[in-house]
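entry-v3.cif (mmCIF, C-alpha atoms and all ligand atoms)
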```cif
data_target
#
loop_
_atom_site.label_atom_id
_atom_site.label_comp_id
_atom_site.auth_asym_id
_atom_site.auth_seq_id
_atom_site.Cartn_x
_atom_site.Cartn_y
_atom_site.Cartn_z
CA MET A 1089 -15.03 -9.86 -5.53
CA LYS A 1090 -15.04 -6.10 -5.01
CA PRO A 1091 -13.08 -4.54 -2.14
CA VAL A 1092 -15.09 -3.57 0.95
CA ASN A 1093 -12.59 -1.10 2.46
CA HIS A 1094 -11.53 1.91 0.41
CA PRO A 1095 -9.02 4.76 0.67
CA PRO A 1096 -10.51 7.96 2.12
CA SER A 1097 -11.59 10.63 -0.40
CA GLU A 1098 -8.72 12.92 0.54
CA ARG A 1099 -6.26 10.25 -0.64
CA LEU A 1100 -8.04 9.99 -4.01
CA LEU A 1101 -7.96 13.78 -4.16
CA ALA A 1102 -4.19 13.79 -3.56
CA TYR A 1103 -3.91 11.31 -6.44
CA ALA A 1104 -6.11 13.36 -8.77
CA THR A 1105 -4.29 16.64 -8.06
CA GLY A 1106 -0.83 15.08 -8.37
CA THR A 1107 0.17 15.82 -4.76
CA ALA A 1108 0.51 12.17 -3.72
CA ASP A 1109 4.10 11.01 -3.23
CA VAL A 1110 5.33 8.07 -5.30
CA PRO A 1111 4.60 5.30 -2.73
CA LEU A 1112 1.07 6.66 -2.17
CA ARG A 1113 0.43 7.05 -5.90
CA LEU A 1114 1.51 3.49 -6.66
CA LEU A 1115 -0.57 2.16 -3.75
CA LEU A 1116 -3.64 4.05 -4.97
CA GLU A 1117 -3.12 2.92 -8.57
CA THR A 1118 -3.00 -0.65 -7.34
CA HIS A 1119 -6.23 -0.20 -5.38
CA LEU A 1120 -7.87 1.40 -8.43
CA SER A 1121 -6.97 -1.65 -10.50
CA PHE A 1122 -9.00 -3.75 -8.05
CA CYS A 1123 -11.82 -1.27 -7.45
CA PRO A 1124 -14.20 0.19 -10.06
CA ASP A 1125 -16.05 2.04 -7.26
CA CYS A 1126 -13.00 4.17 -6.46
CA GLY A 1127 -12.44 4.76 -10.20
CA ARG A 1128 -15.94 6.25 -10.35
CA GLU A 1129 -15.31 8.26 -7.16
CA LEU A 1130 -12.12 9.64 -8.73
CA GLY A 1131 -14.10 10.68 -11.79
CA ARG A 1132 -16.73 12.35 -9.59
CA LEU A 1133 -14.05 14.33 -7.70
CA ALA A 1134 -12.62 15.49 -11.01
CA GLU A 1135 -15.89 16.56 -12.66
CA PRO A 1136 -16.30 20.23 -13.50
CA GLY A 1137 -17.46 21.76 -10.23
CA GLY A 1138 -16.05 18.77 -8.34
CA THR A 1139 -13.63 18.75 -5.45
CA VAL A 1140 -10.44 18.70 -7.53
CA LEU A 1141 -11.11 22.19 -8.88
CA GLU A 1142 -11.78 23.53 -5.40
CA ALA A 1143 -8.53 21.99 -4.23
CA MET A 1144 -6.51 23.89 -6.82
CA PRO A 1145 -8.02 27.38 -6.84
CA GLU A 1146 -4.71 29.22 -7.24
CA ALA A 1147 -3.74 28.00 -10.68
CA PRO A 1148 -5.46 27.76 -14.04
CA VAL A 1149 -6.49 24.18 -14.59
CA PRO A 1150 -4.60 22.59 -17.47
CA SER A 1151 -7.11 21.69 -20.14
CA ALA A 1152 -5.68 18.18 -20.43
CA LEU A 1153 -6.10 17.49 -16.70
CA PHE A 1154 -9.62 16.13 -16.83
CA ASP A 1155 -8.81 13.99 -19.86
CA ARG A 1156 -5.87 12.53 -17.99
CA ILE A 1157 -7.85 11.85 -14.83
CA TRP A 1158 -10.72 10.29 -16.75
CA ALA A 1159 -8.31 8.16 -18.72
CA GLU A 1160 -6.61 7.02 -15.53
CA ALA A 1161 -9.90 6.40 -13.75
CA SER A 1162 -11.38 4.36 -16.56
CA GLN A 1163 -8.43 2.52 -18.03
CA HIS A 1164 -6.79 0.79 -15.13
CA GLU A 1165 -5.67 -2.55 -16.40
CA PRO A 1166 -6.49 -5.50 -14.18
CA PRO A 1167 -3.58 -6.75 -12.08
CA ARG A 1168 -1.56 -9.65 -13.41
CA PRO A 1169 0.52 -12.05 -11.33
CA VAL A 1170 4.29 -11.58 -11.29
CA GLU A 1171 6.18 -13.97 -9.05
CA GLY A 1172 2.82 -14.84 -7.51
CA VAL A 1173 2.01 -11.20 -6.78
CA PRO A 1174 -0.93 -9.55 -8.55
CA LEU A 1175 0.16 -6.02 -9.48
CA PRO A 1176 -1.15 -3.78 -12.28
CA PRO A 1177 1.24 -3.42 -15.26
CA SER A 1178 1.38 0.39 -14.80
CA VAL A 1179 2.70 -0.09 -11.25
CA LEU A 1180 5.09 -2.92 -12.16
CA ALA A 1181 6.57 -0.66 -14.82
CA GLU A 1182 7.73 1.74 -12.07
CA LEU A 1183 9.17 -0.89 -9.74
CA PRO A 1184 12.57 -2.54 -9.84
CA PRO A 1185 12.42 -5.97 -11.54
CA PRO A 1186 11.29 -8.77 -9.19
CA GLU A 1187 14.75 -10.38 -9.17
CA ARG A 1188 16.08 -7.21 -7.49
CA TRP A 1189 13.45 -7.17 -4.75
CA ASN A 1190 15.45 -7.36 -1.57
CA TRP A 1191 13.53 -9.66 0.78
CA HIS A 1192 14.00 -9.63 4.54
CA SER A 1193 12.55 -12.38 6.68
CA VAL A 1194 10.87 -11.40 9.92
CA LEU A 1195 12.56 -13.83 12.26
CA GLY A 1196 10.55 -16.89 13.26
CA SER A 1197 7.28 -15.48 11.92
CA GLY A 1198 6.71 -17.00 8.45
CA SER A 1199 6.63 -13.53 6.95
CA ARG A 1200 8.94 -11.41 4.84
CA THR A 1201 9.10 -7.86 3.52
CA ALA A 1202 10.79 -6.14 0.57
CA ARG A 1203 11.10 -2.40 0.11
CA LEU A 1204 10.12 -1.58 -3.48
CA VAL A 1205 10.30 2.23 -3.42
CA ARG A 1206 12.00 4.68 -1.09
CA GLU A 1207 10.85 8.29 -1.33
CA ALA A 1208 13.90 9.69 0.50
CA PRO A 1209 16.38 8.25 3.01
CA GLY A 1210 14.44 7.79 6.24
CA GLY A 1211 11.29 8.98 4.50
CA CYS A 1212 8.28 7.02 3.43
CA GLY A 1213 8.57 3.80 1.49
CA LEU A 1214 6.48 1.24 -0.35
CA PHE A 1215 6.83 -2.35 0.84
CA LEU A 1216 5.64 -5.74 -0.28
CA VAL A 1217 4.73 -8.07 2.55
CA GLN A 1218 4.17 -11.82 2.30
CA ILE A 1219 2.77 -13.80 5.23
CA GLN A 1220 2.60 -17.60 4.96
CA PRO A 1221 -0.77 -19.35 5.45
CA GLY A 1222 -1.82 -19.09 9.10
CA ALA A 1223 1.35 -17.23 10.08
CA ARG A 1224 1.45 -14.19 12.30
CA PHE A 1225 3.31 -10.98 11.44
CA PRO A 1226 4.46 -10.05 14.92
CA ARG A 1227 3.18 -7.11 16.91
CA HIS A 1228 4.94 -3.88 15.94
CA ALA A 1229 4.64 -0.14 16.48
CA HIS A 1230 4.59 2.53 13.77
CA GLN A 1231 6.51 5.77 14.29
CA GLY A 1232 4.60 7.11 11.28
CA GLY A 1233 1.28 6.15 9.78
CA GLU A 1234 0.82 3.00 7.72
CA GLU A 1235 -1.52 2.54 4.77
CA GLY A 1236 -1.79 -0.53 2.68
CA MET A 1237 -3.94 -3.02 0.86
CA VAL A 1238 -4.24 -6.75 0.48
CA LEU A 1239 -3.09 -8.01 -2.94
CA ALA A 1240 -3.95 -11.68 -2.54
CA GLY A 1241 -5.22 -14.03 0.15
CA GLY A 1242 -6.49 -12.47 3.34
CA VAL A 1243 -5.42 -11.21 6.75
CA TRP A 1244 -6.85 -10.47 10.19
CA ASP A 1245 -5.97 -7.02 11.58
CA ARG A 1246 -7.51 -5.60 14.77
CA GLY A 1247 -10.62 -7.74 14.53
CA ARG A 1248 -11.27 -7.24 10.81
CA PHE A 1249 -10.67 -9.74 8.01
CA LEU A 1250 -9.31 -8.04 4.88
CA GLU A 1251 -9.29 -9.57 1.41
CA ALA A 1252 -7.86 -8.74 -2.03
CA GLY A 1253 -8.22 -5.03 -2.79
CA ASP A 1254 -9.19 -4.02 0.76
CA TRP A 1255 -7.58 -0.80 2.01
CA ASN A 1256 -6.26 -0.61 5.55
CA SER A 1257 -4.55 2.01 7.66
CA ALA A 1258 -2.86 2.23 11.05
CA PRO A 1259 -2.23 5.70 12.51
CA ALA A 1260 1.17 6.92 13.74
CA GLY A 1261 1.91 5.59 17.20
CA SER A 1262 -0.38 2.59 16.83
CA THR A 1263 0.55 -1.03 17.44
CA HIS A 1264 -0.87 -4.07 15.72
CA GLU A 1265 -0.20 -7.60 14.53
CA LEU A 1266 -1.42 -9.45 11.46
CA ILE A 1267 -2.57 -13.04 11.07
CA ALA A 1268 -2.75 -14.47 7.56
CA ASP A 1269 -5.58 -16.54 6.13
CA PRO A 1270 -4.94 -20.17 7.16
CA LYS A 1271 -5.26 -21.52 3.60
CA GLU A 1272 -4.14 -18.75 1.25
CA GLY A 1273 -1.75 -16.68 3.34
CA CYS A 1274 -1.47 -13.01 2.45
CA TRP A 1275 0.32 -10.66 0.05
CA ALA A 1276 0.05 -6.98 0.91
CA LEU A 1277 1.38 -3.68 -0.46
CA VAL A 1278 2.11 -1.16 2.29
CA ARG A 1279 3.21 2.48 2.46
CA GLU A 1280 5.07 3.38 5.62
CA GLU A 1281 5.14 7.08 6.50
CA CYS A 1282 8.37 6.51 8.37
CA GLU A 1283 10.48 3.44 7.87
CA ASP A 1284 11.10 3.02 11.57
CA VAL A 1285 8.80 0.08 12.31
CA ARG A 1286 9.59 -1.31 15.73
CA LEU A 1287 8.95 -4.92 16.55
CA SER A 1288 7.77 -5.72 20.07
CA GLY A 1289 9.06 -8.39 22.48
CA TRP A 1290 12.16 -10.48 21.83
CA ARG A 1291 12.17 -9.63 18.12
CA GLY A 1292 12.35 -5.96 19.10
CA VAL A 1293 15.39 -6.63 21.31
CA LEU A 1294 17.11 -8.39 18.38
CA GLN A 1295 16.04 -5.66 15.96
CA ARG A 1296 17.57 -2.94 18.15
CA ALA A 1297 20.73 -5.01 18.71
CA ALA A 1298 21.09 -5.58 14.96
CA SER A 1299 20.73 -1.86 14.24
CA LEU A 1300 23.41 -1.04 16.85
CA LEU A 1301 25.77 -3.58 15.29
CA SER A 1302 25.23 -2.24 11.78
CA HIS A 1303 26.36 1.30 12.70
ZN ZN B 1 -12.05 1.35 -3.61
#
```

Starting from the coordinates I provided, produce the structure as structure tokens.
Amino acid sequence: MKPVNHPPSERLLAYATGTADVPLRLLLETHLSFCPDCGRELGRLAEPGGTVLEAMPEAPVPSALFDRIWAEASQHEPPRPVEGVPLPPSVLAELPPPERWNWHSVLGSGSRTARLVREAPGGCGLFLVQIQPGARFPRHAHQGGEEGMVLAGGVWDRGRFLEAGDWNSAPAGSTHELIADPKEGCWALVREECEDVRLSGWRGVLQRAASLLSH
């Protein structure tokens, strides 16, 4: 089934012009492996006279650029499951091996997260999130924006049900919770603008206490 929710054009443009940071690039490559529509959109942006050229007016365009973009837009390999997670081979090649993924459980919630890529200390990061069938990832606030996509299963977020390939974003300062599909659970890949994700309620009290103790 094709994704219903897609990254905004300016994110595809950042990908095409090479200005996306590593977590964003890997997230977009993963979405492209699920979504032929966005592959075509990327090609359209990169056509002669398209938006990519307008976005880079100051420099001569390398002749190989369009070839590279077309190749990337048209040759995304389908994702394959690794440890139960469907990720495209090109993305897996840039991640640490699955045995080094450092999982953290979110206390009493049936969910866990692992940071796969860190752009800079305190900067943005790419995370894998697994939520057990029917479980709830507790309400939390984002200091920075969050963008992500469902890799497998499905999840409810702010009244919408998202399935494999669907793109999702939560602006800086927003608060939300996630509830996984009751049968399949949910795997998601998420880029956090700022790694300071604050849990609400009693988990938040424990989270803040734990961070005080660790200093
Ligand atoms: Zn798409």

Interface rows for chain A against ligand ZN 1 (chain B): nearest pair, Å to one decimal, 8 Å, all atoms listed in the file, as a tab-separated table:
```
residue	atom	partner	partner_atom	distance
A:Pro1091	CA	B:ZN1	ZN	6.2
A:Val1092	CA	B:ZN1	ZN	7.4
A:Asn1093	CA	B:ZN1	ZN	6.6
A:His1094	CA	B:ZN1	ZN	4.1
A:Pro1095	CA	B:ZN1	ZN	6.3
A:His1119	CA	B:ZN1	ZN	6.3
A:Leu1120	CA	B:ZN1	ZN	6.4
A:Phe1122	CA	B:ZN1	ZN	7.4
A:Cys1123	CA	B:ZN1	ZN	4.7
A:Pro1124	CA	B:ZN1	ZN	6.9
A:Asp1125	CA	B:ZN1	ZN	5.5
A:Cys1126	CA	B:ZN1	ZN	4.1
A:Gly1127	CA	B:ZN1	ZN	7.4
A:Gly1253	CA	B:ZN1	ZN	7.5
A:Asp1254	CA	B:ZN1	ZN	7.5
A:Trp1255	CA	B:ZN1	ZN	7.5
```

Q) Taking into account only C-alpha atoms, which residue in the set A:Gly1106, A:Gly1247, A:Gly1198, A:Pro1270 is nearest to A:Arg1224? A) A:Gly1198

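Interatomic distance, atom CA of A:Glu1251 to atom CA of A:Gly1236: 11.8 Å.
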
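The gap separating atom CA of A:Gly1241 from atom CA of A:Ser1197 is 17.2 Å, in Å to one decimal.
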
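Counting all atoms listed in the file, the residue from A:Ala1223, A:Leu1216, A:Leu1133, A:Leu1101 that sits nearest to A:Leu1115 is A:Leu1216.
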
(Q) When you look at A:Ala1102 with a cut-off of 10 Å (counting only C-alpha atoms), what residues show up, excluding the ones that are within fewer than 3 positions of it in the same chain? I need them as JSON, numbers by chain. (A) {"A": [1097, 1098, 1099, 1105, 1106, 1107, 1108, 1109, 1112, 1113, 1116, 1140, 1143]}

Could you write stretch 1099-1113 of chain A as a PDB file, in the coordinates of the input, with N, CA, C and O atoms rebuilt where they are missing?
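The resulting file, result38.pdb, is shown below:
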```
ATOM      1  N   ARG A1099      -7.382  10.938   0.016  1.00  0.00           N
ATOM      2  CA  ARG A1099      -6.260  10.250  -0.640  1.00  0.00           C
ATOM      3  C   ARG A1099      -6.488  10.211  -2.152  1.00  0.00           C
ATOM      4  O   ARG A1099      -5.559  10.418  -2.931  1.00  0.00           O
ATOM      5  N   LEU A1100      -7.735   9.956  -2.572  1.00  0.00           N
ATOM      6  CA  LEU A1100      -8.040   9.990  -4.010  1.00  0.00           C
ATOM      7  C   LEU A1100      -7.825  11.395  -4.569  1.00  0.00           C
ATOM      8  O   LEU A1100      -7.352  11.572  -5.698  1.00  0.00           O
ATOM      9  N   LEU A1101      -8.146  12.392  -3.744  1.00  0.00           N
ATOM     10  CA  LEU A1101      -7.960  13.780  -4.160  1.00  0.00           C
ATOM     11  C   LEU A1101      -6.479  14.085  -4.356  1.00  0.00           C
ATOM     12  O   LEU A1101      -6.087  14.733  -5.333  1.00  0.00           O
ATOM     13  N   ALA A1102      -5.646  13.595  -3.434  1.00  0.00           N
ATOM     14  CA  ALA A1102      -4.190  13.790  -3.560  1.00  0.00           C
ATOM     15  C   ALA A1102      -3.697  13.142  -4.852  1.00  0.00           C
ATOM     16  O   ALA A1102      -2.826  13.674  -5.549  1.00  0.00           O
ATOM     17  N   TYR A1103      -4.272  12.001  -5.193  1.00  0.00           N
ATOM     18  CA  TYR A1103      -3.910  11.310  -6.440  1.00  0.00           C
ATOM     19  C   TYR A1103      -4.324  12.151  -7.646  1.00  0.00           C
ATOM     20  O   TYR A1103      -3.537  12.391  -8.560  1.00  0.00           O
ATOM     21  N   ALA A1104      -5.572  12.630  -7.610  1.00  0.00           N
ATOM     22  CA  ALA A1104      -6.110  13.360  -8.770  1.00  0.00           C
ATOM     23  C   ALA A1104      -5.374  14.678  -9.003  1.00  0.00           C
ATOM     24  O   ALA A1104      -5.212  15.108 -10.139  1.00  0.00           O
ATOM     25  N   THR A1105      -4.932  15.325  -7.917  1.00  0.00           N
ATOM     26  CA  THR A1105      -4.290  16.640  -8.060  1.00  0.00           C
ATOM     27  C   THR A1105      -2.778  16.509  -8.197  1.00  0.00           C
ATOM     28  O   THR A1105      -2.072  17.501  -8.289  1.00  0.00           O
ATOM     29  N   GLY A1106      -2.265  15.285  -8.172  1.00  0.00           N
ATOM     30  CA  GLY A1106      -0.830  15.080  -8.370  1.00  0.00           C
ATOM     31  C   GLY A1106       0.007  15.401  -7.149  1.00  0.00           C
ATOM     32  O   GLY A1106       1.221  15.561  -7.247  1.00  0.00           O
ATOM     33  N   THR A1107      -0.611  15.501  -5.964  1.00  0.00           N
ATOM     34  CA  THR A1107       0.170  15.820  -4.760  1.00  0.00           C
ATOM     35  C   THR A1107       0.569  14.569  -3.975  1.00  0.00           C
ATOM     36  O   THR A1107       1.265  14.675  -2.970  1.00  0.00           O
ATOM     37  N   ALA A1108       0.124  13.404  -4.411  1.00  0.00           N
ATOM     38  CA  ALA A1108       0.510  12.170  -3.720  1.00  0.00           C
ATOM     39  C   ALA A1108       1.988  11.864  -4.004  1.00  0.00           C
ATOM     40  O   ALA A1108       2.454  12.055  -5.130  1.00  0.00           O
ATOM     41  N   ASP A1109       2.722  11.421  -2.971  1.00  0.00           N
ATOM     42  CA  ASP A1109       4.100  11.010  -3.230  1.00  0.00           C
ATOM     43  C   ASP A1109       4.094   9.673  -3.987  1.00  0.00           C
ATOM     44  O   ASP A1109       3.041   9.052  -4.167  1.00  0.00           O
ATOM     45  N   VAL A1110       5.268   9.253  -4.436  1.00  0.00           N
ATOM     46  CA  VAL A1110       5.330   8.070  -5.300  1.00  0.00           C
ATOM     47  C   VAL A1110       4.762   6.814  -4.614  1.00  0.00           C
ATOM     48  O   VAL A1110       3.928   6.104  -5.193  1.00  0.00           O
ATOM     49  N   PRO A1111       5.184   6.506  -3.367  1.00  0.00           N
ATOM     50  CA  PRO A1111       4.600   5.300  -2.730  1.00  0.00           C
ATOM     51  C   PRO A1111       3.076   5.359  -2.629  1.00  0.00           C
ATOM     52  O   PRO A1111       2.387   4.367  -2.896  1.00  0.00           O
ATOM     53  N   LEU A1112       2.535   6.542  -2.281  1.00  0.00           N
ATOM     54  CA  LEU A1112       1.070   6.660  -2.170  1.00  0.00           C
ATOM     55  C   LEU A1112       0.414   6.512  -3.541  1.00  0.00           C
ATOM     56  O   LEU A1112      -0.604   5.828  -3.690  1.00  0.00           O
ATOM     57  N   ARG A1113       1.018   7.135  -4.551  1.00  0.00           N
ATOM     58  CA  ARG A1113       0.430   7.050  -5.900  1.00  0.00           C
ATOM     59  C   ARG A1113       0.388   5.601  -6.393  1.00  0.00           C
ATOM     60  O   ARG A1113      -0.628   5.139  -6.916  1.00  0.00           O
TER      61      ARG A1113
END
```
